[in-house]
Structure formats: structure tokens, C-alpha cells
file protein15.pdb (PDB, C-alpha atoms)
ATOM      1  CA  MET X 283      12.619  20.580 -43.262  1.00  0.00           C
ATOM      2  CA  PHE X 284      12.510  19.421 -39.649  1.00  0.00           C
ATOM      3  CA  ARG X 285      11.078  16.080 -40.687  1.00  0.00           C
ATOM      4  CA  LYS X 286      13.920  15.583 -43.187  1.00  0.00           C
ATOM      5  CA  ILE X 287      16.531  16.384 -40.520  1.00  0.00           C
ATOM      6  CA  LEU X 288      14.871  13.981 -38.075  1.00  0.00           C
ATOM      7  CA  LEU X 289      14.682  11.233 -40.680  1.00  0.00           C
ATOM      8  CA  PHE X 290      18.366  11.731 -41.558  1.00  0.00           C
ATOM      9  CA  ALA X 291      19.310  11.616 -37.884  1.00  0.00           C
ATOM     10  CA  LEU X 292      17.378   8.386 -37.333  1.00  0.00           C
ATOM     11  CA  LEU X 293      18.935   6.784 -40.396  1.00  0.00           C
ATOM     12  CA  SER X 294      22.401   7.859 -39.260  1.00  0.00           C
ATOM     13  CA  VAL X 295      21.883   6.308 -35.841  1.00  0.00           C
ATOM     14  CA  PHE X 296      20.653   3.076 -37.429  1.00  0.00           C
ATOM     15  CA  VAL X 297      23.577   2.821 -39.848  1.00  0.00           C
ATOM     16  CA  PHE X 298      26.087   3.621 -37.123  1.00  0.00           C
ATOM     17  CA  ALA X 299      24.606   1.045 -34.756  1.00  0.00           C
ATOM     18  CA  ALA X 300      24.512  -1.628 -37.457  1.00  0.00           C
ATOM     19  CA  SER X 301      28.078  -0.991 -38.555  1.00  0.00           C
ATOM     20  CA  SER X 302      29.340  -0.914 -34.963  1.00  0.00           C
ATOM     21  CA  PHE X 303      27.610  -4.218 -34.244  1.00  0.00           C
ATOM     22  CA  ALA X 304      28.977  -5.835 -37.390  1.00  0.00           C
ATOM     23  CA  ALA X 305      32.543  -4.658 -36.813  1.00  0.00           C
ATOM     24  CA  GLY X 306      33.078  -6.590 -33.591  1.00  0.00           C
ATOM     25  CA  ARG X 307      30.872  -9.630 -34.029  1.00  0.00           C
ATOM     26  CA  PHE X 308      33.724 -11.970 -34.933  1.00  0.00           C
ATOM     27  CA  ASP X 309      36.803 -10.289 -33.445  1.00  0.00           C
ATOM     28  CA  PHE X 310      39.109 -12.868 -31.861  1.00  0.00           C
ATOM     29  CA  ALA X 311      42.157 -13.471 -29.683  1.00  0.00           C
ATOM     30  CA  VAL X 312      44.722 -16.249 -29.954  1.00  0.00           C
ATOM     31  CA  ILE X 313      45.902 -16.944 -26.402  1.00  0.00           C
ATOM     32  CA  GLN X 314      49.020 -19.079 -26.023  1.00  0.00           C
ATOM     33  CA  PRO X 315      50.913 -18.005 -22.879  1.00  0.00           C
ATOM     34  CA  GLY X 316      54.428 -19.408 -22.698  1.00  0.00           C
ATOM     35  CA  GLN X 317      54.992 -19.617 -26.447  1.00  0.00           C
ATOM     36  CA  PRO X 318      58.022 -17.868 -28.007  1.00  0.00           C
ATOM     37  CA  GLY X 319      57.921 -14.461 -29.680  1.00  0.00           C
ATOM     38  CA  ASN X 320      55.644 -11.542 -28.889  1.00  0.00           C
ATOM     39  CA  THR X 321      52.379  -9.954 -29.906  1.00  0.00           C
ATOM     40  CA  ALA X 322      53.926  -7.722 -32.584  1.00  0.00           C
ATOM     41  CA  GLU X 323      55.757 -10.613 -34.264  1.00  0.00           C
ATOM     42  CA  ALA X 324      52.578 -12.682 -34.423  1.00  0.00           C
ATOM     43  CA  GLN X 325      50.343  -9.868 -35.671  1.00  0.00           C
ATOM     44  CA  PRO X 326      50.844 -10.612 -39.419  1.00  0.00           C
ATOM     45  CA  VAL X 327      49.460 -14.116 -38.845  1.00  0.00           C
ATOM     46  CA  MET X 328      46.541 -12.661 -36.884  1.00  0.00           C
ATOM     47  CA  ASP X 329      45.881 -10.242 -39.740  1.00  0.00           C
ATOM     48  CA  GLU X 330      45.865 -13.080 -42.256  1.00  0.00           C
ATOM     49  CA  LEU X 331      43.427 -15.101 -40.163  1.00  0.00           C
ATOM     50  CA  ALA X 332      41.282 -11.988 -39.711  1.00  0.00           C
ATOM     51  CA  GLY X 333      41.296 -11.363 -43.456  1.00  0.00           C
ATOM     52  CA  TYR X 334      40.220 -14.923 -44.194  1.00  0.00           C
ATOM     53  CA  MET X 335      37.415 -14.748 -41.651  1.00  0.00           C
ATOM     54  CA  SER X 336      36.291 -11.367 -42.964  1.00  0.00           C
ATOM     55  CA  LYS X 337      35.823 -12.847 -46.433  1.00  0.00           C
ATOM     56  CA  LYS X 338      34.017 -15.939 -45.201  1.00  0.00           C
ATOM     57  CA  LEU X 339      31.771 -14.206 -42.670  1.00  0.00           C
ATOM     58  CA  GLY X 340      31.098 -11.036 -44.627  1.00  0.00           C
ATOM     59  CA  VAL X 341      31.982  -8.583 -41.849  1.00  0.00           C
ATOM     60  CA  PRO X 342      35.228  -6.885 -40.744  1.00  0.00           C
ATOM     61  CA  VAL X 343      37.218  -9.057 -38.325  1.00  0.00           C
ATOM     62  CA  LYS X 344      40.183  -8.130 -36.132  1.00  0.00           C
ATOM     63  CA  GLY X 345      42.484 -10.394 -34.139  1.00  0.00           C
ATOM     64  CA  VAL X 346      45.163 -10.124 -31.476  1.00  0.00           C
ATOM     65  CA  TYR X 347      47.755 -12.566 -30.105  1.00  0.00           C
ATOM     66  CA  TYR X 348      48.762 -13.009 -26.467  1.00  0.00           C
ATOM     67  CA  ASN X 349      51.674 -15.143 -25.295  1.00  0.00           C
ATOM     68  CA  ASP X 350      51.909 -13.429 -21.910  1.00  0.00           C
ATOM     69  CA  LEU X 351      49.457 -14.487 -19.220  1.00  0.00           C
ATOM     70  CA  GLN X 352      48.976 -11.118 -17.559  1.00  0.00           C
ATOM     71  CA  ALA X 353      48.563  -9.346 -20.895  1.00  0.00           C
ATOM     72  CA  ALA X 354      45.923 -11.906 -21.896  1.00  0.00           C
ATOM     73  CA  LEU X 355      44.016 -11.527 -18.632  1.00  0.00           C
ATOM     74  CA  SER X 356      44.125  -7.734 -18.848  1.00  0.00           C
ATOM     75  CA  GLY X 357      43.140  -7.714 -22.513  1.00  0.00           C
ATOM     76  CA  LEU X 358      40.167 -10.030 -22.061  1.00  0.00           C
ATOM     77  CA  SER X 359      38.991  -8.158 -18.975  1.00  0.00           C
ATOM     78  CA  ALA X 360      39.102  -4.825 -20.796  1.00  0.00           C
ATOM     79  CA  ASP X 361      37.717  -5.861 -24.174  1.00  0.00           C
ATOM     80  CA  LYS X 362      36.555  -9.458 -24.459  1.00  0.00           C
ATOM     81  CA  PRO X 363      36.435 -10.679 -28.087  1.00  0.00           C
ATOM     82  CA  ALA X 364      33.750 -12.864 -29.619  1.00  0.00           C
ATOM     83  CA  TRP X 365      35.930 -15.970 -29.893  1.00  0.00           C
ATOM     84  CA  GLY X 366      39.456 -17.230 -29.447  1.00  0.00           C
ATOM     85  CA  ILE X 367      41.943 -20.052 -29.680  1.00  0.00           C
ATOM     86  CA  THR X 368      43.431 -20.821 -26.273  1.00  0.00           C
ATOM     87  CA  ASP X 369      45.883 -23.383 -25.036  1.00  0.00           C
ATOM     88  CA  LEU X 370      44.586 -26.116 -22.749  1.00  0.00           C
ATOM     89  CA  THR X 371      46.026 -24.666 -19.535  1.00  0.00           C
ATOM     90  CA  PHE X 372      44.421 -21.273 -20.129  1.00  0.00           C
ATOM     91  CA  PHE X 373      41.056 -22.871 -20.858  1.00  0.00           C
ATOM     92  CA  MET X 374      41.147 -25.137 -17.812  1.00  0.00           C
ATOM     93  CA  SER X 375      42.276 -22.269 -15.575  1.00  0.00           C
ATOM     94  CA  PHE X 376      39.997 -19.451 -16.768  1.00  0.00           C
ATOM     95  CA  SER X 377      37.024 -20.933 -18.631  1.00  0.00           C
ATOM     96  CA  SER X 378      34.612 -19.936 -15.862  1.00  0.00           C
ATOM     97  CA  LYS X 379      36.064 -16.453 -15.423  1.00  0.00           C
ATOM     98  CA  PHE X 380      35.570 -15.570 -19.094  1.00  0.00           C
ATOM     99  CA  ASN X 381      32.599 -17.825 -19.923  1.00  0.00           C
ATOM    100  CA  MET X 382      34.448 -19.811 -22.581  1.00  0.00           C
ATOM    101  CA  VAL X 383      32.506 -22.465 -24.480  1.00  0.00           C
ATOM    102  CA  PRO X 384      34.429 -24.848 -26.804  1.00  0.00           C
ATOM    103  CA  VAL X 385      33.064 -24.782 -30.353  1.00  0.00           C
ATOM    104  CA  ALA X 386      35.927 -26.476 -32.230  1.00  0.00           C
ATOM    105  CA  SER X 387      39.383 -27.970 -31.687  1.00  0.00           C
ATOM    106  CA  THR X 388      42.744 -27.497 -33.344  1.00  0.00           C
ATOM    107  CA  MET X 389      44.535 -30.436 -34.938  1.00  0.00           C
ATOM    108  CA  PRO X 390      48.298 -29.905 -34.634  1.00  0.00           C
ATOM    109  CA  GLN X 391      50.193 -32.372 -36.831  1.00  0.00           C
ATOM    110  CA  GLY X 392      46.800 -33.801 -37.767  1.00  0.00           C
ATOM    111  CA  GLN X 393      46.208 -35.112 -34.239  1.00  0.00           C
ATOM    112  CA  SER X 394      42.966 -34.679 -32.346  1.00  0.00           C
ATOM    113  CA  LYS X 395      44.688 -35.309 -28.996  1.00  0.00           C
ATOM    114  CA  ASP X 396      47.859 -34.066 -27.330  1.00  0.00           C
ATOM    115  CA  VAL X 397      50.320 -35.820 -25.011  1.00  0.00           C
ATOM    116  CA  TRP X 398      52.622 -34.100 -22.508  1.00  0.00           C
ATOM    117  CA  ARG X 399      55.906 -35.670 -21.419  1.00  0.00           C
ATOM    118  CA  LEU X 400      58.087 -34.875 -18.432  1.00  0.00           C
ATOM    119  CA  LEU X 401      61.827 -35.248 -19.115  1.00  0.00           C
ATOM    120  CA  VAL X 402      64.629 -35.347 -16.566  1.00  0.00           C
ATOM    121  CA  PRO X 403      68.390 -36.064 -16.769  1.00  0.00           C
ATOM    122  CA  ALA X 404      69.195 -39.667 -17.687  1.00  0.00           C
ATOM    123  CA  ASP X 405      70.663 -40.247 -14.227  1.00  0.00           C
ATOM    124  CA  GLY X 406      67.751 -38.486 -12.553  1.00  0.00           C
ATOM    125  CA  PRO X 407      64.837 -39.988 -10.606  1.00  0.00           C
ATOM    126  CA  ASP X 408      62.684 -42.699 -12.138  1.00  0.00           C
ATOM    127  CA  SER X 409      59.510 -41.443 -10.463  1.00  0.00           C
ATOM    128  CA  VAL X 410      57.910 -38.007 -10.547  1.00  0.00           C
ATOM    129  CA  ARG X 411      57.425 -38.326  -6.785  1.00  0.00           C
ATOM    130  CA  ASP X 412      61.195 -38.175  -6.352  1.00  0.00           C
ATOM    131  CA  ILE X 413      61.759 -35.008  -8.413  1.00  0.00           C
ATOM    132  CA  LYS X 414      63.037 -32.086  -6.322  1.00  0.00           C
ATOM    133  CA  GLY X 415      63.407 -28.525  -7.558  1.00  0.00           C
ATOM    134  CA  THR X 416      61.717 -26.699 -10.430  1.00  0.00           C
ATOM    135  CA  VAL X 417      60.238 -28.235 -13.575  1.00  0.00           C
ATOM    136  CA  TYR X 418      59.729 -25.882 -16.524  1.00  0.00           C
ATOM    137  CA  GLY X 419      57.266 -25.973 -19.394  1.00  0.00           C
ATOM    138  CA  SER X 420      55.466 -23.579 -21.705  1.00  0.00           C
ATOM    139  CA  MET X 421      52.161 -24.895 -20.314  1.00  0.00           C
ATOM    140  CA  LEU X 422      53.197 -24.819 -16.632  1.00  0.00           C
ATOM    141  CA  TYR X 423      52.149 -21.240 -15.844  1.00  0.00           C
ATOM    142  CA  THR X 424      49.192 -21.862 -13.509  1.00  0.00           C
ATOM    143  CA  PRO X 425      48.762 -24.338 -10.615  1.00  0.00           C
ATOM    144  CA  GLU X 426      46.088 -26.155 -12.629  1.00  0.00           C
ATOM    145  CA  SER X 427      48.689 -27.341 -15.153  1.00  0.00           C
ATOM    146  CA  THR X 428      50.036 -30.072 -12.871  1.00  0.00           C
ATOM    147  CA  ALA X 429      46.510 -31.425 -12.423  1.00  0.00           C
ATOM    148  CA  ILE X 430      46.166 -31.505 -16.220  1.00  0.00           C
ATOM    149  CA  LEU X 431      49.506 -33.280 -16.605  1.00  0.00           C
ATOM    150  CA  PHE X 432      48.920 -35.916 -13.942  1.00  0.00           C
ATOM    151  CA  GLY X 433      45.146 -36.140 -14.034  1.00  0.00           C
ATOM    152  CA  GLY X 434      45.126 -35.712 -10.267  1.00  0.00           C
ATOM    153  CA  LYS X 435      46.792 -39.125  -9.826  1.00  0.00           C
ATOM    154  CA  GLU X 436      50.284 -38.145  -8.684  1.00  0.00           C
ATOM    155  CA  LYS X 437      51.539 -36.425  -5.551  1.00  0.00           C
ATOM    156  CA  THR X 438      54.586 -34.295  -6.281  1.00  0.00           C
ATOM    157  CA  SER X 439      56.890 -32.046  -4.301  1.00  0.00           C
ATOM    158  CA  PHE X 440      58.559 -30.129  -7.140  1.00  0.00           C
ATOM    159  CA  SER X 441      57.625 -26.599  -8.144  1.00  0.00           C
ATOM    160  CA  ILE X 442      56.657 -25.529 -11.644  1.00  0.00           C
ATOM    161  CA  GLU X 443      57.480 -22.487 -13.742  1.00  0.00           C
ATOM    162  CA  GLY X 444      56.389 -21.352 -17.176  1.00  0.00           C
ATOM    163  CA  THR X 445      58.979 -20.738 -19.866  1.00  0.00           C
ATOM    164  CA  HIS X 446      58.970 -19.173 -23.325  1.00  0.00           C
ATOM    165  CA  ASN X 447      61.695 -21.553 -24.508  1.00  0.00           C
ATOM    166  CA  ALA X 448      61.092 -25.138 -23.416  1.00  0.00           C
ATOM    167  CA  LEU X 449      63.684 -26.522 -25.851  1.00  0.00           C
ATOM    168  CA  ARG X 450      66.383 -24.304 -24.333  1.00  0.00           C
ATOM    169  CA  VAL X 451      65.482 -25.716 -20.922  1.00  0.00           C
ATOM    170  CA  LEU X 452      65.680 -29.206 -22.419  1.00  0.00           C
ATOM    171  CA  ARG X 453      69.282 -28.498 -23.397  1.00  0.00           C
ATOM    172  CA  LYS X 454      69.960 -27.590 -19.768  1.00  0.00           C
ATOM    173  CA  VAL X 455      68.308 -30.824 -18.634  1.00  0.00           C
ATOM    174  CA  ASN X 456      70.517 -32.697 -21.089  1.00  0.00           C
ATOM    175  CA  LYS X 457      73.579 -31.127 -19.455  1.00  0.00           C
ATOM    176  CA  GLY X 458      72.314 -31.802 -15.944  1.00  0.00           C
ATOM    177  CA  ARG X 459      71.814 -28.094 -15.231  1.00  0.00           C
ATOM    178  CA  ALA X 460      68.011 -28.247 -14.867  1.00  0.00           C
ATOM    179  CA  VAL X 461      65.780 -30.650 -12.944  1.00  0.00           C
ATOM    180  CA  GLY X 462      63.181 -31.253 -15.626  1.00  0.00           C
ATOM    181  CA  VAL X 463      61.066 -29.925 -18.467  1.00  0.00           C
ATOM    182  CA  CYS X 464      57.580 -30.722 -19.720  1.00  0.00           C
ATOM    183  CA  LEU X 465      57.016 -30.847 -23.488  1.00  0.00           C
ATOM    184  CA  ASP X 466      53.768 -31.025 -25.414  1.00  0.00           C
ATOM    185  CA  GLY X 467      53.374 -33.291 -28.427  1.00  0.00           C
ATOM    186  CA  ALA X 468      54.618 -30.782 -30.990  1.00  0.00           C
ATOM    187  CA  GLN X 469      57.664 -29.866 -28.905  1.00  0.00           C
ATOM    188  CA  TYR X 470      58.529 -33.498 -28.243  1.00  0.00           C
ATOM    189  CA  SER X 471      58.294 -34.395 -31.941  1.00  0.00           C
ATOM    190  CA  VAL X 472      61.188 -32.007 -32.614  1.00  0.00           C
ATOM    191  CA  VAL X 473      63.542 -33.860 -30.272  1.00  0.00           C
ATOM    192  CA  GLU X 474      62.215 -37.428 -30.374  1.00  0.00           C
ATOM    193  CA  GLY X 475      64.969 -39.822 -31.384  1.00  0.00           C
ATOM    194  CA  SER X 476      67.617 -37.092 -31.512  1.00  0.00           C
ATOM    195  CA  ASP X 477      71.076 -38.035 -30.242  1.00  0.00           C
ATOM    196  CA  ARG X 478      71.506 -34.449 -29.044  1.00  0.00           C
ATOM    197  CA  TYR X 479      69.292 -35.234 -26.047  1.00  0.00           C
ATOM    198  CA  GLY X 480      70.673 -38.663 -25.201  1.00  0.00           C
ATOM    199  CA  ASN X 481      71.343 -37.603 -21.626  1.00  0.00           C
ATOM    200  CA  THR X 482      67.636 -37.198 -20.888  1.00  0.00           C
ATOM    201  CA  LYS X 483      64.801 -39.635 -20.275  1.00  0.00           C
ATOM    202  CA  VAL X 484      61.023 -39.459 -20.174  1.00  0.00           C
ATOM    203  CA  VAL X 485      59.958 -40.053 -16.602  1.00  0.00           C
ATOM    204  CA  TYR X 486      56.247 -39.479 -17.127  1.00  0.00           C
ATOM    205  CA  THR X 487      53.815 -39.472 -20.067  1.00  0.00           C
ATOM    206  CA  SER X 488      50.358 -37.990 -19.692  1.00  0.00           C
ATOM    207  CA  GLY X 489      47.177 -39.518 -20.977  1.00  0.00           C
ATOM    208  CA  LYS X 490      45.629 -38.224 -24.183  1.00  0.00           C
ATOM    209  CA  LEU X 491      44.724 -34.594 -23.601  1.00  0.00           C
ATOM    210  CA  PRO X 492      42.513 -32.186 -25.549  1.00  0.00           C
ATOM    211  CA  THR X 493      44.349 -29.984 -28.036  1.00  0.00           C
ATOM    212  CA  SER X 494      44.029 -26.184 -27.944  1.00  0.00           C
ATOM    213  CA  PRO X 495      40.297 -25.455 -28.116  1.00  0.00           C
ATOM    214  CA  VAL X 496      38.527 -22.819 -30.156  1.00  0.00           C
ATOM    215  CA  VAL X 497      36.180 -21.083 -27.741  1.00  0.00           C
ATOM    216  CA  TRP X 498      33.195 -18.784 -27.982  1.00  0.00           C
ATOM    217  CA  PHE X 499      32.920 -16.227 -25.215  1.00  0.00           C
ATOM    218  CA  ASP X 500      29.545 -16.206 -23.489  1.00  0.00           C
ATOM    219  CA  LYS X 501      26.371 -17.807 -24.803  1.00  0.00           C
ATOM    220  CA  VAL X 502      26.620 -19.762 -28.058  1.00  0.00           C
ATOM    221  CA  ASP X 503      24.378 -18.181 -30.684  1.00  0.00           C
ATOM    222  CA  ASP X 504      23.907 -18.205 -34.461  1.00  0.00           C
ATOM    223  CA  ASP X 505      27.170 -16.304 -34.932  1.00  0.00           C
ATOM    224  CA  ALA X 506      29.034 -18.995 -33.006  1.00  0.00           C
ATOM    225  CA  LEU X 507      27.571 -21.662 -35.276  1.00  0.00           C
ATOM    226  CA  ARG X 508      28.539 -19.646 -38.377  1.00  0.00           C
ATOM    227  CA  LEU X 509      32.107 -19.406 -37.081  1.00  0.00           C
ATOM    228  CA  GLN X 510      32.161 -23.117 -36.308  1.00  0.00           C
ATOM    229  CA  ALA X 511      31.046 -23.970 -39.849  1.00  0.00           C
ATOM    230  CA  VAL X 512      33.816 -21.853 -41.379  1.00  0.00           C
ATOM    231  CA  LEU X 513      36.460 -23.465 -39.157  1.00  0.00           C
ATOM    232  CA  LEU X 514      35.345 -27.017 -39.870  1.00  0.00           C
ATOM    233  CA  ASP X 515      35.461 -26.343 -43.621  1.00  0.00           C
ATOM    234  CA  MET X 516      38.964 -24.842 -43.665  1.00  0.00           C
ATOM    235  CA  ALA X 517      40.772 -28.159 -44.192  1.00  0.00           C
ATOM    236  CA  LYS X 518      38.867 -28.606 -47.456  1.00  0.00           C
ATOM    237  CA  ASP X 519      39.448 -25.040 -48.671  1.00  0.00           C
ATOM    238  CA  PRO X 520      42.550 -24.713 -50.915  1.00  0.00           C
ATOM    239  CA  SER X 521      42.721 -20.979 -50.176  1.00  0.00           C
ATOM    240  CA  ALA X 522      43.194 -21.765 -46.459  1.00  0.00           C
ATOM    241  CA  ALA X 523      46.180 -24.102 -46.886  1.00  0.00           C
ATOM    242  CA  GLY X 524      48.847 -21.454 -46.306  1.00  0.00           C
ATOM    243  CA  LEU X 525      46.994 -19.976 -43.355  1.00  0.00           C
ATOM    244  CA  LEU X 526      46.608 -23.361 -41.672  1.00  0.00           C
ATOM    245  CA  LYS X 527      50.340 -23.915 -42.026  1.00  0.00           C
ATOM    246  CA  LEU X 528      50.995 -20.593 -40.306  1.00  0.00           C
ATOM    247  CA  LEU X 529      48.597 -21.592 -37.535  1.00  0.00           C
ATOM    248  CA  GLN X 530      50.436 -24.934 -37.189  1.00  0.00           C
ATOM    249  CA  THR X 531      47.308 -27.027 -37.578  1.00  0.00           C
ATOM    250  CA  THR X 532      46.003 -29.236 -40.379  1.00  0.00           C
ATOM    251  CA  GLY X 533      42.529 -27.885 -39.782  1.00  0.00           C
ATOM    252  CA  PHE X 534      39.826 -27.719 -37.147  1.00  0.00           C
ATOM    253  CA  GLY X 535      37.669 -30.501 -35.758  1.00  0.00           C
ATOM    254  CA  PRO X 536      34.589 -30.667 -33.538  1.00  0.00           C
ATOM    255  CA  ALA X 537      34.899 -29.458 -29.973  1.00  0.00           C
ATOM    256  CA  ASP X 538      36.547 -32.033 -27.698  1.00  0.00           C
ATOM    257  CA  LYS X 539      33.826 -33.727 -25.644  1.00  0.00           C
ATOM    258  CA  GLU X 540      36.096 -33.772 -22.594  1.00  0.00           C
ATOM    259  CA  LEU X 541      35.875 -29.985 -22.386  1.00  0.00           C
ATOM    260  CA  LYS X 542      32.107 -29.674 -22.497  1.00  0.00           C
TER     261      LYS X 542
END
call {"tool": "encode", "arguments": {"input": "protein15.pdb", "output": "C-alpha cells"}}
result
Amino acid sequence: MFRKILLFALLSVFVFAASSFAAGRFDFAVIQPGQPGNTAEAQPVMDELAGYMSKKLGVPVKGVYYNDLQAALSGLSADKPAWGITDLTFFMSFSSKFNMVPVASTMPQGQSKDVWRLLVPADGPDSVRDIKGTVYGSMLYTPESTAILFGGKEKTSFSIEGTHNALRVLRKVNKGRAVGVCLDGAQYSVVEGSDRYGNTKVVYTSGKLPTSPVVWFDKVDDDALRLQAVLLDMAKDPSAAGLLKLLQTTGFGPADKELK
């Protein structure tokens, strides 16, 4: 009888350990500080991505969305997931802190590179060195963002501030009520050529920048390579078409070599 109880106990421990390990192996976080909305509003998209990954990887997957910097830092410090999709500023600012390794890249609007543009009022300065005041942008929430924008090649005296609504700030720039705003490629495509923003001008255009990377936290292992394979195949999977549209990407490509 004792042997049966011991055997049952050992089997229970094994099953529990295996199931616990499997449950969190591919949990993820999408980290986009400065973007509109909130975690609750984005959760249905996270659930759909988690469901897709669960089917492809054969284990339960959970996901969470952060568009607030402090919430993201607290969440990752308390319970770091296996992988994530981060914006470029977050990666460049905190890759060392959280041991992030790029394993794939997003392709917004089918592009493998992004471009940031700094807009000011039409009668404003013609050089970024002459801008005074505060420039806003959804990506301008850490000091490192100006180095990303200018590649370390420009000396500036303006301050920066993150915003959850860059297009609203653009309207203020258009009316001369804000000094400037920085837009990424997707944001700029919405307003490019629009007469509504005729009182603004692009005073600076960045070089080609990496798009939001998909990162693996800590050492890349077989699980990371399995995840990478699923991501790279999504563009060819008809069942992923709706999900990719929700994620605002045409698919996933190899990790950007600039970030390695």
C-alpha cells in the first residue's frame, strides 16, 4: 500500500512539474509604450495571438499588452515572459536590463525598415538645432530615443516627451500651438499629402531604422527557434491573415542585423 502511495505521489509531482513548465514556456508580452488605448482594450488581440500560438506550439500560451512604460517595467521585473514584441525605443533602452535577444522583426505596411520624421510649424525653424521647447512623440519616452532619431549626429536643445496621441499633437503643431512632433512611418503615412496639415513641414528625416523587434528573453534555445519558425511562416498561413491585420503587420521577417 505504501509503495502505491509513493508511486502515486511521484507521478503527481512529475505531471505537475511538466504541466507547469509547459504552461509558461511561450507566454509573451507586447510592449508598445506611448501607443493609444490601454491593456484591457488590447487584451482580445493578445488572446487571439495566444490562441494561434497555442495551436501551433502545442502548449497553452498567455499574452499581455503594455502601452505604459512603468507598467511594462514593473510587469517584466515581476514575471518576465518567454518572448515579446517591443518597440524600438524600449529595446534600445532596456535590452540589457531584461536580456532581450532579437529573433524576428515585424513588417508594418510590408516594410522591413522604419523612418521617423520630425515635423514643426511651416514657419518654424529649418534646422533641428534651432528648435526650442518640447517635441512630442509616441517613441520619445526615454532619453535614448533622441539618439535613435538622430543617430548621434545632431546636437539639440529641445526637450522630449512621450505622448499617447501623436496625431493630436500634430494638429496642435499645424495650428502653431506646439513646437514639434515626431512620427514613425505608420503615423506619417496617415497624414502624408493631406491638406489638413499644410501648415507643417518636415524638418528632419531619420535614416532607415529597425522595425519593432520580436525578442526572446534570456538565452536563445530550442523553444526560441520553434517560436521563430512559427512567426516566419505566418505570412503564408491563410488562418493567420486576420490576426496579422489586427497586429498591423504583413508578417514577420528575420531579426534585423542592426540589433544583434
call {"tool": "atom_distance", "arguments": {"input": "protein15.pdb", "atom1": "atom CA of X:Phe373", "atom2": "atom CA of X:Phe310"}}
result
15.0 Å
call {"tool": "residues_around", "arguments": {"input": "protein15.pdb", "residues": "X:Ser488", "least_positions_apart": "4", "cutoff": "12 Å", "atoms": "only C-alpha atoms", "output": "list in words"}}
result
Lys395, Asp396, Val397, Trp398, Arg399, Leu400, Leu401, Val410, Ser427, Thr428, Ala429, Ile430, Leu431, Phe432, Gly433, Gly434, Lys435, Glu436, Cys464, Leu465, Asp466, Gly467, Val484 and Pro492 of chain X
call {"tool": "resolve_selection", "arguments": {"input": "protein15.pdb", "expression": "the PyMOL selection byres ((chain X and resi 366) around 7)", "output": "list in words"}}
result
Phe310, Ala311, Val312, Trp365, Ile367, Thr368, Val496, Val497 and Trp498 of chain X
call {"tool": "resolve_selection", "arguments": {"input": "protein15.pdb", "expression": "the PyMOL selection byres ((chain X and resi 443) around 9)", "output": "PyMOL selection string"}}
result
chain X and resi 416-424+441-442+444-445
call {"tool": "residues_around", "arguments": {"input": "protein15.pdb", "residues": "X:Val512", "least_positions_apart": "2", "cutoff": "12 Å", "atoms": "only C-alpha atoms", "output": "VMD selection string"}}
result
chain X and resid 308 331 334 to 340 385 to 386 505 to 510 514 to 519 522 533 to 536
call {"tool": "atom_distance", "arguments": {"input": "protein15.pdb", "atom1": "atom CA of X:Leu370", "atom2": "atom CA of X:Asp408"}}
result
26.7 Å
call {"tool": "atom_distance", "arguments": {"input": "protein15.pdb", "atom1": "atom CA of X:Val327", "atom2": "atom CA of X:Gln352"}}
result
21.5 Å
call {"tool": "resolve_selection", "arguments": {"input": "protein15.pdb", "expression": "the PyMOL selection byres ((chain X and resi 450) around 12)", "output": "short mmCIF file (atom, residue, chain, number, x, y, z; two decimals) with C-alpha atoms, in the frame of the given file"}}
result
data_model
loop_
_atom_site.label_atom_id
_atom_site.label_comp_id
_atom_site.auth_asym_id
_atom_site.auth_seq_id
_atom_site.Cartn_x
_atom_site.Cartn_y
_atom_site.Cartn_z
CA PRO X 318 58.02 -17.87 -28.01
CA TYR X 418 59.73 -25.88 -16.52
CA GLY X 419 57.27 -25.97 -19.39
CA SER X 420 55.47 -23.58 -21.70
CA THR X 445 58.98 -20.74 -19.87
CA HIS X 446 58.97 -19.17 -23.32
CA ASN X 447 61.70 -21.55 -24.51
CA ALA X 448 61.09 -25.14 -23.42
CA LEU X 449 63.68 -26.52 -25.85
CA VAL X 451 65.48 -25.72 -20.92
CA LEU X 452 65.68 -29.21 -22.42
CA ARG X 453 69.28 -28.50 -23.40
CA LYS X 454 69.96 -27.59 -19.77
CA VAL X 455 68.31 -30.82 -18.63
CA ASN X 456 70.52 -32.70 -21.09
CA LYS X 457 73.58 -31.13 -19.45
CA ARG X 459 71.81 -28.09 -15.23
CA ALA X 460 68.01 -28.25 -14.87
CA GLY X 462 63.18 -31.25 -15.63
CA VAL X 463 61.07 -29.92 -18.47
CA CYS X 464 57.58 -30.72 -19.72
CA LEU X 465 57.02 -30.85 -23.49
CA GLN X 469 57.66 -29.87 -28.90
CA VAL X 473 63.54 -33.86 -30.27
CA TYR X 479 69.29 -35.23 -26.05
#
call {"tool": "residues_around", "arguments": {"input": "protein15.pdb", "residues": "X:Asp361", "least_positions_apart": "4", "cutoff": "12 Å", "atoms": "all atoms listed in the file", "output": "list in words"}}
result
Gly306, Asp309, Phe310, Ala311, Gly345, Val346, Ala353, Ala354, Leu355, Ser356, Gly357, Trp365, Phe380 and Phe499 of chain X
call {"tool": "closest_residue", "arguments": {"input": "protein15.pdb", "among": "X:Asp369, X:Gly406, X:Asn381, X:Asp503", "to": "X:Val485", "atoms": "only C-alpha atoms"}}
result
X:Gly406
call {"tool": "closest_residue", "arguments": {"input": "protein15.pdb", "among": "X:Leu513, X:Thr371, X:Leu358, X:Thr482", "to": "X:Gly316", "atoms": "all atoms listed in the file"}}
result
X:Thr371
call {"tool": "closest_residue", "arguments": {"input": "protein15.pdb", "among": "X:Ser476, X:Ser359, X:Gln325, X:Ser494", "to": "X:Lys344", "atoms": "all atoms listed in the file"}}
result
X:Gln325
call {"tool": "closest_residue", "arguments": {"input": "protein15.pdb", "among": "X:Leu351, X:Ala360, X:Leu529, X:Ala537", "to": "X:Met328", "atoms": "only C-alpha atoms"}}
result
X:Leu529
